[in-house]
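This report refers to the structure that appears directly beneath it.
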Amino acid sequence: MDQGQIIDFTRQAIMLTIEISTPVMVVGLVVGVAISLLQALTQVQEMTLTFVPKIIAIFATMFVLFPVMITLLTEFMDKIASQIVHIG
């Protein structure tokens, strides 16, 4: 495995990490902004109010998208494993 392939696999790994984490982070952002807007409109300034809805939304998103995440990770691992087999 030469240096170019290692850099390519590293680039693909970083992109895969971004692809997997983006939906979860977007849901956390949307829920956080919605809760902040609700707090601003109702003038309820409870600091712990944002945590529980965010955690529930993020876990629900991960639960729903888990099969897609596992499929992407498995395909990437198969690609890396096939390259290792060809070298050895």
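In the structure tokens, chains take the letters A, B, ... in the order shown, each chain's residues start at 1, and ligands count up from 1 in the order shown.
The protein and nucleic acid residues lying at most 12 Å from A:Leu65 are Glu19, Ile20, Ser21, Thr22, Pro23, Val24, Val27, Ile58, Phe59, Ala60, Thr61, Met62, Val68, Met69, Ile70, Thr71 and Leu72 of chain A, with only C-alpha atoms considered and sequence neighbours fewer than 3 positions away removed.
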Shell of 12 Å around A:Lys79, only C-alpha atoms, local chain residues under 6 positions omitted, as a PyMOL selection string:
chain A and resi 5+8-9+12-13+72-73+85-86
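Atom pair atom CA of A:Gly28 / atom CA of A:Lys54 has a distance of 5.7 Å (rounded to one decimal).
The list of residues with at least one atom within 12 Å of stretch 47-53 of chain A, based on only C-alpha atoms and without residues fewer than 6 positions apart in the same chain, reads Val27, Gly28, Leu29, Val30, Val31, Gly32, Val33, Ala34, Ile35, Ser36, Leu37, Leu38, Gln39, Phe59 and Ala60 of chain A.
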All residues 12 Å or closer to A:Gln83, only C-alpha atoms, same chain fewer than 4 positions away omitted, as an mmCIF file with N, CA and C atoms, in the first residue's frame:
```cif
data_model
loop_
_atom_site.group_PDB
_atom_site.id
_atom_site.type_symbol
_atom_site.label_atom_id
_atom_site.label_comp_id
_atom_site.auth_asym_id
_atom_site.auth_seq_id
_atom_site.Cartn_x
_atom_site.Cartn_y
_atom_site.Cartn_z
ATOM 1 N N MET A 1 0.860 -1.174 0.000
ATOM 2 C CA MET A 1 0.000 0.000 0.000
ATOM 3 C C MET A 1 0.903 1.232 0.000
ATOM 4 N N ASP A 2 0.752 2.041 -1.001
ATOM 5 C CA ASP A 2 1.602 3.218 -1.083
ATOM 6 C C ASP A 2 0.964 4.408 -0.365
ATOM 7 N N GLN A 5 -2.556 5.704 -1.589
ATOM 8 C CA GLN A 5 -3.714 4.927 -1.152
ATOM 9 C C GLN A 5 -4.059 5.210 0.309
ATOM 10 N N ILE A 6 -3.033 5.372 1.129
ATOM 11 C CA ILE A 6 -3.282 5.678 2.543
ATOM 12 C C ILE A 6 -3.956 7.032 2.680
ATOM 13 N N PHE A 9 -7.594 6.616 1.536
ATOM 14 C CA PHE A 9 -8.426 5.965 2.554
ATOM 15 C C PHE A 9 -8.696 6.905 3.727
ATOM 16 N N PHE A 76 -17.319 0.434 3.706
ATOM 17 C CA PHE A 76 -15.982 1.024 3.787
ATOM 18 C C PHE A 76 -14.979 0.003 4.325
ATOM 19 N N MET A 77 -15.380 -0.759 5.334
ATOM 20 C CA MET A 77 -14.484 -1.773 5.888
ATOM 21 C C MET A 77 -14.198 -2.873 4.875
ATOM 22 N N ASP A 78 -15.197 -3.260 4.087
ATOM 23 C CA ASP A 78 -14.979 -4.257 3.035
ATOM 24 C C ASP A 78 -13.981 -3.750 1.995
ATOM 25 N N LYS A 79 -14.087 -2.447 1.669
ATOM 26 C CA LYS A 79 -13.155 -1.859 0.701
ATOM 27 C C LYS A 79 -11.723 -1.880 1.250
ATOM 28 N N ILE A 87 -2.802 -6.788 -1.183
ATOM 29 C CA ILE A 87 -1.403 -6.477 -0.892
ATOM 30 C C ILE A 87 -0.680 -7.721 -0.358
ATOM 31 N N GLY A 88 -1.365 -8.437 0.550
ATOM 32 C CA GLY A 88 -0.734 -9.587 1.217
ATOM 33 C C GLY A 88 -0.691 -10.752 0.346
#
```
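Between atom CA of A:Phe63 and atom CA of A:Glu46 the interatomic distance comes to 27.9 Å.
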